[in-house]
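Q: I'm passing along my_file-v4.txt; it holds compact mmCIF, C-alpha atoms.
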```txt
# COMPACT_ATOMS: atom_id res chain seq x y z
CA MET U 1 0.92 -2.92 -12.67
CA ALA U 2 -1.53 -2.62 -15.57
CA THR U 3 0.43 -5.10 -17.70
CA LEU U 4 1.12 -7.57 -14.89
CA ALA U 5 -2.07 -9.52 -15.56
CA ASP U 6 -1.11 -9.74 -19.24
CA VAL U 7 2.20 -11.30 -18.22
CA LEU U 8 1.03 -13.62 -15.44
CA GLY U 9 -2.66 -14.13 -16.20
CA ASP U 10 -5.43 -13.39 -13.70
CA GLY U 11 -5.05 -16.39 -11.41
CA ASP U 12 -2.93 -17.05 -8.34
CA LEU U 13 0.27 -16.18 -10.21
CA PHE U 14 -1.03 -12.63 -10.60
CA VAL U 15 -1.68 -12.32 -6.85
CA LEU U 16 1.76 -13.69 -5.98
CA GLY U 17 3.33 -11.45 -8.64
CA ARG U 18 1.80 -8.33 -7.08
CA SER U 19 2.99 -9.52 -3.68
CA LEU U 20 6.51 -10.03 -5.04
CA LEU U 21 6.50 -6.50 -6.44
CA ARG U 22 5.47 -5.10 -3.05
CA ILE U 23 8.16 -7.14 -1.29
CA THR U 24 10.75 -5.92 -3.80
CA SER U 25 9.60 -2.34 -3.32
CA GLN U 26 9.77 -2.53 0.48
CA SER U 27 13.17 -4.23 0.33
CA ALA U 28 14.47 -1.55 -2.01
CA LEU U 29 13.18 1.05 0.44
CA LEU U 30 15.27 -0.47 3.20
CA VAL U 31 18.35 -0.60 0.97
CA GLY U 32 17.69 2.97 -0.11
CA PHE U 33 17.60 4.21 3.48
CA GLY U 34 20.98 2.60 4.13
CA LEU U 35 22.60 3.77 0.91
CA GLY U 36 21.18 7.25 1.36
CA GLY U 37 22.74 7.50 4.79
CA LEU U 38 26.12 6.35 3.47
CA LEU U 39 25.88 8.72 0.52
CA LEU U 40 25.18 11.72 2.75
CA ALA U 41 28.28 10.91 4.75
CA SER U 42 30.41 11.69 1.70
CA VAL U 43 28.47 14.18 -0.47
CA ALA U 44 26.16 17.15 0.05
CA PRO U 45 22.36 16.59 -0.03
CA ARG U 46 22.10 18.49 -3.33
CA HIS U 47 24.64 16.17 -4.95
CA ALA U 48 22.85 13.14 -3.49
CA LEU U 49 19.64 14.29 -5.18
CA LEU U 50 21.46 14.68 -8.50
CA ILE U 51 22.74 11.12 -8.17
CA THR U 52 19.16 10.02 -7.49
CA VAL U 53 18.03 11.69 -10.71
CA GLY U 54 20.64 9.60 -12.50
CA THR U 55 19.29 6.39 -10.98
CA PHE U 56 15.77 7.30 -12.13
CA LEU U 57 17.02 7.85 -15.68
CA SER U 58 18.83 4.51 -15.54
CA SER U 59 15.62 2.87 -14.38
CA ALA U 60 13.74 4.36 -17.32
CA VAL U 61 16.33 2.97 -19.75
CA LEU U 62 16.12 -0.45 -18.07
CA LEU U 63 12.32 -0.48 -18.38
CA ARG U 64 12.45 0.60 -22.02
CA CYS U 65 15.09 -1.93 -23.05
CA GLY U 66 14.38 -4.75 -20.62
CA THR U 67 10.64 -5.29 -21.11
CA ARG U 68 8.86 -6.67 -24.14
CA ARG U 69 6.74 -4.28 -26.16
CA ARG U 70 3.01 -4.88 -25.65
CA PRO U 71 0.13 -3.36 -27.63
CA ALA U 72 -1.84 -0.57 -25.98
CA ARG U 73 -5.40 -1.30 -24.97
CA ALA U 74 -7.93 0.17 -27.37
CA ARG U 75 -9.30 3.63 -26.65
CA ASP U 76 -11.26 6.30 -28.48
CA SER U 77 -8.69 8.00 -30.71
CA GLY U 78 -10.91 11.05 -30.96
CA SER U 79 -10.63 11.95 -27.29
CA SER U 80 -7.70 13.34 -25.33
CA LEU U 81 -5.71 11.24 -22.91
CA VAL U 82 -7.15 13.16 -19.94
CA VAL U 83 -10.75 12.75 -21.12
CA ASP U 84 -10.18 9.07 -21.85
CA SER U 85 -8.58 8.54 -18.43
CA LEU U 86 -11.45 10.25 -16.61
CA ARG U 87 -13.97 8.19 -18.55
CA GLY U 88 -12.13 5.02 -17.59
CA ALA U 89 -12.05 6.06 -13.93
CA ARG U 90 -15.82 6.62 -13.98
CA GLN U 91 -16.34 3.18 -15.49
CA VAL U 92 -14.22 1.56 -12.79
CA LEU U 93 -15.87 3.47 -9.95
CA ALA U 94 -19.39 2.77 -11.21
CA ASP U 95 -19.35 -0.70 -9.64
CA ARG U 96 -20.08 -0.81 -5.90
CA ARG U 97 -17.95 -3.91 -5.34
CA VAL U 98 -14.92 -2.36 -7.07
CA ARG U 99 -15.37 0.89 -5.14
CA ALA U 100 -15.35 -0.99 -1.85
CA LEU U 101 -12.21 -2.90 -2.78
CA LEU U 102 -10.42 0.26 -3.91
CA LEU U 103 -11.18 1.82 -0.54
CA LEU U 104 -9.88 -1.34 1.12
CA PHE U 105 -6.53 -0.66 -0.55
CA TRP U 106 -6.58 3.12 0.06
CA VAL U 107 -7.94 3.70 3.56
CA PRO U 108 -5.48 1.65 5.70
CA PRO U 109 -2.39 3.41 4.22
CA LEU U 110 -4.02 6.79 4.87
CA PHE U 111 -3.59 6.06 8.59
CA SER U 112 -0.63 3.66 8.58
CA VAL U 113 1.83 6.31 7.31
CA ALA U 114 1.49 8.37 10.52
CA PRO U 115 4.46 6.78 12.38
CA GLU U 116 6.68 7.10 9.32
CA ALA U 117 5.72 10.74 8.83
CA LEU U 118 6.48 11.51 12.48
CA ALA U 119 9.47 9.20 12.98
CA ALA U 120 12.00 12.04 13.19
CA PRO U 121 10.33 14.03 16.00
CA TYR U 122 9.43 10.81 17.83
CA ALA U 123 13.03 9.55 17.72
CA ASP U 124 14.19 12.99 18.87
CA GLY U 125 11.78 12.88 21.80
CA LEU U 126 13.11 9.46 22.80
CA GLY U 127 16.70 10.65 22.51
CA ALA U 128 17.29 7.74 20.11
CA GLY U 129 19.38 9.74 17.64
CA SER U 130 19.86 8.92 13.97
CA THR U 131 20.17 5.18 14.67
CA GLY U 132 16.78 5.10 16.38
CA LEU U 133 15.28 7.12 13.54
CA GLY U 134 16.61 4.64 11.01
CA LEU U 135 15.17 1.71 12.95
CA LEU U 136 11.76 3.40 13.23
CA MET U 137 11.74 4.06 9.47
CA CYS U 138 12.63 0.43 8.72
CA ALA U 139 10.27 -1.36 11.12
CA LEU U 140 7.09 -1.09 9.03
CA PRO U 141 8.73 -2.28 5.77
CA VAL U 142 10.37 -5.20 7.58
CA GLY U 143 7.00 -6.24 9.06
CA THR U 144 5.37 -5.92 5.65
CA ILE U 145 7.99 -8.10 3.98
CA ALA U 146 7.72 -10.77 6.68
CA GLY U 147 3.92 -10.83 6.57
CA GLU U 148 3.68 -11.05 2.79
CA LEU U 149 6.38 -13.73 2.58
CA TYR U 150 4.61 -15.90 5.15
CA VAL U 151 1.08 -15.50 3.78
CA GLY U 152 2.18 -15.86 0.16
CA ALA U 153 4.32 -18.94 0.79
CA ARG U 154 2.35 -20.76 3.49
CA LEU U 155 -1.33 -20.10 2.82
CA ARG U 156 -3.47 -21.23 -0.07
CA PRO U 157 -5.71 -18.74 -1.94
CA ALA U 158 -8.84 -19.65 0.02
CA ALA U 159 -7.05 -19.11 3.33
CA ARG U 160 -5.71 -15.74 2.17
CA GLU U 161 -9.25 -14.62 1.45
CA ARG U 162 -10.52 -15.82 4.83
CA ILE U 163 -7.93 -13.85 6.79
CA ALA U 164 -8.01 -10.67 4.65
CA LEU U 165 -10.77 -8.79 6.48
CA PRO U 166 -9.70 -9.80 10.02
CA LEU U 167 -6.15 -8.75 9.16
CA VAL U 168 -7.15 -5.35 7.81
CA CYS U 169 -9.20 -4.68 10.95
CA PHE U 170 -6.27 -5.72 13.13
CA SER U 171 -3.43 -4.02 11.25
CA LEU U 172 -3.77 -0.56 12.85
CA LEU U 173 -4.59 -1.70 16.39
CA PRO U 174 -0.91 -1.76 17.45
CA TYR U 175 -0.79 2.01 16.98
CA LEU U 176 -2.95 2.36 20.09
CA GLY U 177 0.14 1.39 22.06
CA TYR U 178 1.62 4.80 21.26
CA ALA U 179 -0.83 6.30 23.76
CA LEU U 180 1.47 4.89 26.47
CA ARG U 181 4.47 6.71 24.93
CA PRO U 182 6.55 3.52 24.59
CA GLY U 183 10.31 3.42 24.31
CA LEU U 184 12.22 2.52 21.18
CA ALA U 185 12.09 -1.28 21.56
CA VAL U 186 8.32 -1.43 22.15
CA SER U 187 7.68 1.09 19.36
CA LEU U 188 9.63 -1.08 16.93
CA LEU U 189 7.63 -4.15 17.98
CA LEU U 190 4.33 -2.30 17.46
CA LEU U 191 5.40 -1.20 13.99
CA LEU U 192 6.61 -4.68 13.02
CA VAL U 193 3.29 -6.25 14.02
CA SER U 194 1.32 -3.55 12.22
CA GLY U 195 3.42 -3.95 9.07
CA ALA U 196 2.74 -7.70 9.03
CA GLY U 197 -0.99 -6.92 8.80
CA VAL U 198 -0.46 -5.54 5.29
CA ALA U 199 -0.56 -9.18 4.14
CA TYR U 200 -4.34 -8.68 3.89
CA THR U 201 -3.63 -7.31 0.40
CA LEU U 202 -3.03 -10.81 -0.99
CA GLY U 203 -6.65 -11.75 -0.33
CA ALA U 204 -7.88 -8.35 -1.51
CA ASP U 205 -5.91 -8.75 -4.75
CA GLN U 206 -7.77 -11.97 -5.47
CA TRP U 207 -11.13 -10.25 -4.98
CA PHE U 208 -10.08 -7.24 -7.06
CA VAL U 209 -8.96 -9.17 -10.12
CA ARG U 210 -12.23 -11.16 -10.07
CA ALA U 211 -14.39 -8.05 -9.67
CA VAL U 212 -12.85 -5.96 -12.46
CA PRO U 213 -13.76 -6.85 -16.08
CA GLU U 214 -10.74 -7.71 -18.20
CA GLU U 215 -11.22 -4.73 -20.51
CA LEU U 216 -11.06 -2.35 -17.52
CA ARG U 217 -8.21 -4.06 -15.67
CA GLY U 218 -5.50 -1.70 -16.87
CA ARG U 219 -7.51 1.37 -15.91
CA ALA U 220 -8.42 -0.17 -12.54
CA MET U 221 -4.79 -0.98 -11.69
CA THR U 222 -3.70 2.52 -12.68
CA LEU U 223 -6.45 4.08 -10.55
CA LEU U 224 -5.56 1.83 -7.60
CA THR U 225 -1.87 2.78 -7.74
CA ALA U 226 -2.48 6.51 -8.26
CA GLY U 227 -5.00 6.59 -5.42
CA LEU U 228 -2.60 4.74 -3.12
CA MET U 229 0.18 7.27 -3.75
CA THR U 230 -2.24 10.14 -3.19
CA VAL U 231 -3.67 8.93 0.11
CA GLN U 232 -0.19 8.25 1.49
CA GLY U 233 0.80 11.86 0.79
CA VAL U 234 -2.45 13.15 2.29
CA GLY U 235 -1.98 10.91 5.34
CA MET U 236 1.52 12.25 5.97
CA THR U 237 0.30 15.84 5.67
CA LEU U 238 -2.59 15.26 8.07
CA ALA U 239 -0.32 13.46 10.53
CA GLY U 240 2.07 16.39 10.57
CA ALA U 241 -0.73 18.89 11.09
CA ALA U 242 -2.28 16.82 13.89
CA ALA U 243 1.08 16.39 15.64
CA GLU U 244 1.43 20.18 15.80
CA LEU U 245 -1.77 20.27 17.84
CA VAL U 246 -1.73 17.16 20.03
CA GLY U 247 1.80 15.74 19.81
CA VAL U 248 3.33 12.75 18.06
CA ALA U 249 2.22 9.94 20.38
CA ALA U 250 -1.40 11.11 20.49
CA THR U 251 -1.46 11.51 16.70
CA VAL U 252 -0.26 7.96 16.05
CA ALA U 253 -2.65 6.52 18.65
CA GLY U 254 -5.49 8.56 17.15
CA ALA U 255 -4.60 7.24 13.69
CA GLY U 256 -4.88 3.76 15.14
CA VAL U 257 -8.36 4.43 16.54
CA LEU U 258 -9.77 6.19 13.47
CA GLY U 259 -8.09 3.75 11.12
CA THR U 260 -9.42 0.68 12.94
CA VAL U 261 -12.97 2.04 12.95
CA SER U 262 -12.72 2.93 9.24
CA CYS U 263 -11.34 -0.50 8.38
CA ALA U 264 -14.11 -2.24 10.31
CA LEU U 265 -16.75 -0.25 8.40
CA LEU U 266 -15.01 -1.05 5.14
CA ALA U 267 -14.91 -4.75 6.02
CA VAL U 268 -18.68 -4.70 6.48
CA GLU U 269 -19.15 -3.05 3.08
CA VAL U 270 -16.82 -5.49 1.35
CA ARG U 271 -18.69 -8.41 2.92
CA ARG U 272 -22.05 -6.96 1.83
CA THR U 273 -20.92 -6.56 -1.78
CA GLU U 274 -19.49 -10.08 -1.72
CA VAL U 275 -22.88 -11.47 -0.66
CA ARG U 276 -24.64 -9.40 -3.31
CA ASP U 277 -22.30 -10.54 -6.09
CA GLY U 278 -22.68 -14.14 -4.99
CA ALA U 279 -26.47 -13.83 -5.13
CA ASP U 280 -26.33 -12.25 -8.61
CA HIS U 281 -24.06 -15.03 -9.79
CA HIS U 282 -26.45 -17.69 -8.47
CA VAL U 283 -29.55 -16.08 -10.03
CA THR U 284 -28.12 -15.40 -13.48
CA GLY U 285 -26.07 -18.56 -13.68
CA ARG U 286 -23.01 -16.61 -14.83
```
As structure tokens, what does this structure read like?

A:
Amino acid sequence: MATLADVLGDGDLFVLGRSLLRITSQSALLVGFGLGGLLLASVAPRHALLITVGTFLSSAVLLRCGTRRRPARARDSGSSLVVDSLRGARQVLADRRVRALLLLFWVPPLFSVAPEALAAPYADGLGAGSTGLGLLMCALPVGTIAGELYVGARLRPAARERIALPLVCFSLLPYLGYALRPGLAVSLLLLLVSGAGVAYTLGADQWFVRAVPEELRGRAMTLLTAGLMTVQGVGMTLAGAAAELVGVAATVAGAGVLGTVSCALLAVEVRRTEVRDGADHHVTGR
């Protein structure tokens, strides 16, 4: 992610490139679910994990041999990697606009992972079996792929920015439907619609690459990705703990309520920082 801007530049190609990577990742997730199920039909789980280790090693070889060598960004050779990384994170987080945009990428996934984390007990409660579980696991990625393909292919950059904040506020609303304890078909529809809302990231990507100085772009992309992985793990843990207390349906519906309120507050903050940056630009003539 940090080198993507070096490859594609910082214009619309960069935004579409990040979208393509997300689409590829979600598509690979769907293929992985299917292949994992087939693999477990013929080998033990322990052997399946060993095969997975082999695929990771193959991926590392492919990355090493299949990508062009690029020079590292300059850093203080007298400091350790950890110290240098923490310093870079502080530099990135020092800007209010960048902080708001990072939260715009982090907060929605914190809540959106709840149905995925609880798909197994929910499918069991519906009596949907392993087929229903597989469909529930696939619905969000399918919605995400469809939303990003449409927005990336059909809308121009200005339109992507206009719809970004309404989309992020809308994306978790379908989870409120879980309060009615819907059946499998309605649950899948709710997840598909919610997944499509992830297309807000195309507009957010455009804001992010403009807000981050070029010399900090690598650090910012690394921080964004690491934070995204972290909040998804935290969200799954919290969803599991909440489901122990109030049940699966109430947990997902609650994630929809809390997530929608959080996203609305974030949208206000992003809009405020956008106005501020625009005013600074006008005054200084930059």

Q: What's the separation between atom CA of U:Gly152 and atom CA of U:Leu202, in Å to one decimal place?

A: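 One can read the atom CA of U:Gly152 to atom CA of U:Leu202 distance as 7.3 Å.
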
Q: Neighbouring residues of U:Phe170 were defined as those with any atom within 10 Å, considering all atoms listed in the file; residues of the same chain fewer than 6 positions away were excluded. Please report them as an MDAnalysis selection string.

A: chainID U and resid 164 193:194 197:198 200 256 259:260 263:264

Q: Suppose we keep C-alpha atoms; can you now write the selection as an mmCIF file, in the frame of the given file?

A:
```cif
data_model
loop_
_atom_site.group_PDB
_atom_site.id
_atom_site.type_symbol
_atom_site.label_atom_id
_atom_site.label_comp_id
_atom_site.auth_asym_id
_atom_site.auth_seq_id
_atom_site.Cartn_x
_atom_site.Cartn_y
_atom_site.Cartn_z
ATOM 1 C CA ALA U 164 -8.010 -10.670 4.650
ATOM 2 C CA VAL U 193 3.290 -6.250 14.020
ATOM 3 C CA SER U 194 1.320 -3.550 12.220
ATOM 4 C CA GLY U 197 -0.990 -6.920 8.800
ATOM 5 C CA VAL U 198 -0.460 -5.540 5.290
ATOM 6 C CA TYR U 200 -4.340 -8.680 3.890
ATOM 7 C CA GLY U 256 -4.880 3.760 15.140
ATOM 8 C CA GLY U 259 -8.090 3.750 11.120
ATOM 9 C CA THR U 260 -9.420 0.680 12.940
ATOM 10 C CA CYS U 263 -11.340 -0.500 8.380
ATOM 11 C CA ALA U 264 -14.110 -2.240 10.310
#
```

Q: Quote the spacing between atom CA of U:Ala117 and atom CA of U:Leu190 in Å to one decimal place.

A: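 Atom CA of U:Ala117 sits 15.7 Å away from atom CA of U:Leu190.
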
Q: Any chance you could tabulate, as JSON lines, the residues of stretch 96-120 of chain U at most 10 Å from stretch 231-254 of chain U with each one's nearest atom pair and distance in Å to one decimal, using only C-alpha atoms, in chain and rising number order?

A:
```
{"residue": "U:Trp106", "atom": "CA", "partner": "U:Val231", "partner_atom": "CA", "distance": 6.5}
{"residue": "U:Val107", "atom": "CA", "partner": "U:Val231", "partner_atom": "CA", "distance": 7.6}
{"residue": "U:Pro108", "atom": "CA", "partner": "U:Val231", "partner_atom": "CA", "distance": 9.4}
{"residue": "U:Pro109", "atom": "CA", "partner": "U:Gln232", "partner_atom": "CA", "distance": 6.0}
{"residue": "U:Leu110", "atom": "CA", "partner": "U:Gly235", "partner_atom": "CA", "distance": 4.6}
{"residue": "U:Phe111", "atom": "CA", "partner": "U:Gly235", "partner_atom": "CA", "distance": 6.1}
{"residue": "U:Ser112", "atom": "CA", "partner": "U:Gly235", "partner_atom": "CA", "distance": 8.1}
{"residue": "U:Val113", "atom": "CA", "partner": "U:Met236", "partner_atom": "CA", "distance": 6.1}
{"residue": "U:Ala114", "atom": "CA", "partner": "U:Ala239", "partner_atom": "CA", "distance": 5.4}
{"residue": "U:Pro115", "atom": "CA", "partner": "U:Val252", "partner_atom": "CA", "distance": 6.1}
{"residue": "U:Glu116", "atom": "CA", "partner": "U:Met236", "partner_atom": "CA", "distance": 8.0}
{"residue": "U:Ala117", "atom": "CA", "partner": "U:Met236", "partner_atom": "CA", "distance": 5.3}
{"residue": "U:Leu118", "atom": "CA", "partner": "U:Val248", "partner_atom": "CA", "distance": 6.5}
{"residue": "U:Ala119", "atom": "CA", "partner": "U:Val248", "partner_atom": "CA", "distance": 8.7}
{"residue": "U:Ala120", "atom": "CA", "partner": "U:Val248", "partner_atom": "CA", "distance": 10.0}
```

Q: Between atom CA of U:Met221 and atom CA of U:Met1, what distance in Å does the model show, to one decimal?

A: 6.1 Å

Q: Determine, using only C-alpha atoms, which residues of stretch 130-205 of chain U have any atom at most 10 Å from an atom of stretch 8-19 of chain U, and tabulate each with its shortest atom pair and distance in Å to one decimal place, rows ordered by chain and then rising number, as CSV.

A:
```
residue,atom,partner,partner_atom,distance
U:Ile145,CA,U:Ser19,CA,9.3
U:Glu148,CA,U:Ser19,CA,6.7
U:Leu149,CA,U:Ser19,CA,8.3
U:Val151,CA,U:Ser19,CA,9.7
U:Gly152,CA,U:Leu16,CA,6.5
U:Ala153,CA,U:Leu16,CA,8.9
U:Arg156,CA,U:Asp12,CA,9.3
U:Pro157,CA,U:Asp12,CA,7.2
U:Ala199,CA,U:Ser19,CA,8.6
U:Thr201,CA,U:Ser19,CA,8.1
U:Leu202,CA,U:Val15,CA,6.2
U:Gly203,CA,U:Val15,CA,8.2
U:Ala204,CA,U:Val15,CA,9.1
U:Asp205,CA,U:Val15,CA,5.9
```

Q: Using all atoms listed in the file, which of U:Leu167, U:Leu20, U:Leu136, U:Leu104 sits nearest U:Glu269?

A: U:Leu104

Q: At a cut-off of 10 Å from (-9.5, -8.6, -14.3) in the coordinates of the file, what residues are picked up using only C-alpha atoms, written as a list of chain:residue names?

A: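 In the file's frame, the residues around the point are U:Ala5, U:Asp6, U:Gly9, U:Asp10, U:Gly11, U:Gln206, U:Trp207, U:Phe208, U:Val209, U:Arg210, U:Ala211, U:Val212, U:Pro213, U:Glu214, U:Glu215, U:Leu216, U:Arg217, U:Gly218, U:Ala220, U:Met221.
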
Q: Between U:Leu172, U:Leu224, U:Ile23, U:Leu265, which one has atoms that come closest to U:Ala89, using all atoms listed in the file?

A: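 Result for the nearest residue to U:Ala89: U:Leu224.
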
Q: Taking 5 positions as the minimum chain separation for residues in the same chain, which residues sit within 12 Å of stretch 31-44 of chain U when counting all atoms listed in the file? Answer as a ChimeraX atom specification.

A: /U:24-26,49-52,55,130-131,133-139,141-142

Q: Starting from the sparse input, extend stretch 164-191 of chain U to N, CA and C atoms and give the output as a short mmCIF file (atom, residue, chain, number, x, y, z; two decimals), keeping the file's coordinate frame.

A:
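The resulting file, part-v9.cif, is reproduced below:
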```
data_model
loop_
_atom_site.label_atom_id
_atom_site.label_comp_id
_atom_site.auth_asym_id
_atom_site.auth_seq_id
_atom_site.Cartn_x
_atom_site.Cartn_y
_atom_site.Cartn_z
N ALA U 164 -8.23 -12.03 5.15
CA ALA U 164 -8.01 -10.67 4.65
C ALA U 164 -8.73 -9.63 5.50
N LEU U 165 -10.02 -9.80 5.74
CA LEU U 165 -10.77 -8.79 6.48
C LEU U 165 -10.39 -8.75 7.96
N PRO U 166 -10.21 -9.90 8.65
CA PRO U 166 -9.70 -9.80 10.02
C PRO U 166 -8.34 -9.11 10.11
N LEU U 167 -7.47 -9.37 9.14
CA LEU U 167 -6.15 -8.75 9.16
C LEU U 167 -6.23 -7.24 8.99
N VAL U 168 -7.07 -6.79 8.05
CA VAL U 168 -7.15 -5.35 7.81
C VAL U 168 -7.74 -4.64 9.02
N CYS U 169 -8.64 -5.28 9.74
CA CYS U 169 -9.20 -4.68 10.95
C CYS U 169 -8.18 -4.66 12.09
N PHE U 170 -7.26 -5.61 12.06
CA PHE U 170 -6.27 -5.72 13.13
C PHE U 170 -5.04 -4.85 12.89
N SER U 171 -4.74 -4.55 11.62
CA SER U 171 -3.43 -4.02 11.25
C SER U 171 -3.07 -2.71 11.93
N LEU U 172 -4.06 -1.86 12.24
CA LEU U 172 -3.77 -0.56 12.85
C LEU U 172 -3.94 -0.55 14.36
N LEU U 173 -4.41 -1.64 14.93
CA LEU U 173 -4.59 -1.70 16.39
C LEU U 173 -3.29 -1.48 17.16
N PRO U 174 -2.14 -1.99 16.68
CA PRO U 174 -0.91 -1.76 17.45
C PRO U 174 -0.58 -0.29 17.67
N TYR U 175 -1.08 0.59 16.81
CA TYR U 175 -0.79 2.01 16.98
C TYR U 175 -1.36 2.56 18.28
N LEU U 176 -2.38 1.90 18.83
CA LEU U 176 -2.95 2.36 20.09
C LEU U 176 -1.92 2.32 21.22
N GLY U 177 -0.91 1.46 21.06
CA GLY U 177 0.14 1.39 22.06
C GLY U 177 0.94 2.67 22.19
N TYR U 178 0.91 3.52 21.19
CA TYR U 178 1.62 4.80 21.26
C TYR U 178 1.02 5.72 22.32
N ALA U 179 -0.22 5.47 22.71
CA ALA U 179 -0.83 6.30 23.76
C ALA U 179 -0.06 6.19 25.07
N LEU U 180 0.68 5.09 25.25
CA LEU U 180 1.47 4.89 26.47
C LEU U 180 2.87 5.47 26.33
N ARG U 181 3.15 6.13 25.21
CA ARG U 181 4.47 6.71 24.93
C ARG U 181 5.58 5.68 25.15
N PRO U 182 5.58 4.60 24.38
CA PRO U 182 6.55 3.52 24.59
C PRO U 182 7.96 3.94 24.20
N GLY U 183 8.92 3.20 24.69
CA GLY U 183 10.31 3.42 24.31
C GLY U 183 10.59 2.86 22.93
N LEU U 184 11.86 2.91 22.54
CA LEU U 184 12.22 2.52 21.18
C LEU U 184 11.91 1.05 20.90
N ALA U 185 12.27 0.16 21.81
CA ALA U 185 12.09 -1.28 21.56
C ALA U 185 10.61 -1.63 21.38
N VAL U 186 9.76 -1.13 22.26
CA VAL U 186 8.32 -1.43 22.15
C VAL U 186 7.73 -0.79 20.90
N SER U 187 8.16 0.42 20.58
CA SER U 187 7.68 1.09 19.36
C SER U 187 8.01 0.27 18.12
N LEU U 188 9.23 -0.25 18.07
CA LEU U 188 9.63 -1.08 16.93
C LEU U 188 8.77 -2.33 16.84
N LEU U 189 8.47 -2.95 17.97
CA LEU U 189 7.63 -4.15 17.98
C LEU U 189 6.23 -3.83 17.47
N LEU U 190 5.66 -2.70 17.92
CA LEU U 190 4.33 -2.30 17.46
C LEU U 190 4.31 -2.10 15.95
N LEU U 191 5.35 -1.47 15.43
CA LEU U 191 5.40 -1.20 13.99
C LEU U 191 5.61 -2.48 13.19
#
```
